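Read the structure below first, then the notes.
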Amino acid sequence: MGGAGGRGAGAGDASAKRPTTQADSFENPGDEIGPFKLVTQIGEGGFGTVWLAQRREQFDQRVALKLIK
């Protein structure tokens with residue numbers, strides 16, 4: 001039990017290992033989620049992305065929104 005027996009068909013595919021970038025995400029600056037408008041992506045992890053968002057309805061508020069994948 002050795003060699004290439006544990007490799008899948010796409011094991012040599014470089015795109016499977018590249019990190020996700022903002023261009024790869026479904027969200028973009030300016031998108032609205034509920035009352036919040038996405039300003040810029042400020043972080044990314046295994047479970048999703050964190051965005052700086054702004055709310056202008058009722059009052060001016062800046063928040064960090066974590067969007068789960």
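Letters A, B, ... mark the chains of the structure tokens in the order given; residue numbers begin at 1 per chain; ligand numbers begin at 1, in order shown.
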Contacts of Val39 of chain A within 8 Å, only C-alpha atoms, excl. fewer than 4 positions in-chain, as a list in words = Pro29, Gly30, Trp51, Leu52, Ala53 and Gln54 of chain A
Residue contacts of Gly48 of chain A (7 Å, only C-alpha atoms) excluding same-chain residues fewer than 2 positions away, as a short mmCIF file (atom, residue, chain, number, x, y, z; two decimals) with N, CA and C atoms, in the first residue's frame:
data_model
loop_
_atom_site.label_atom_id
_atom_site.label_comp_id
_atom_site.auth_asym_id
_atom_site.auth_seq_id
_atom_site.Cartn_x
_atom_site.Cartn_y
_atom_site.Cartn_z
N GLU A 44 -10.70 36.56 5.56
CA GLU A 44 -11.21 35.34 4.94
C GLU A 44 -10.69 34.15 5.72
N GLY A 45 -11.54 33.14 5.87
CA GLY A 45 -11.13 31.94 6.57
C GLY A 45 -11.81 30.73 5.98
N GLY A 46 -11.71 29.63 6.69
CA GLY A 46 -12.28 28.38 6.20
C GLY A 46 -13.78 28.35 6.11
N VAL A 50 -15.14 37.95 5.79
CA VAL A 50 -15.55 39.05 6.66
C VAL A 50 -15.45 40.33 5.86
N LYS A 66 -19.78 38.71 8.78
CA LYS A 66 -19.15 37.45 8.36
C LYS A 66 -20.17 36.69 7.53
N LEU A 67 -19.81 36.42 6.30
CA LEU A 67 -20.68 35.71 5.37
C LEU A 67 -20.20 34.28 5.27
N ILE A 68 -21.03 33.36 5.72
CA ILE A 68 -20.70 31.94 5.74
C ILE A 68 -20.83 31.36 4.33
N LYS A 69 -19.85 30.53 3.96
CA LYS A 69 -19.88 29.87 2.65
C LYS A 69 -21.06 28.95 2.53
#
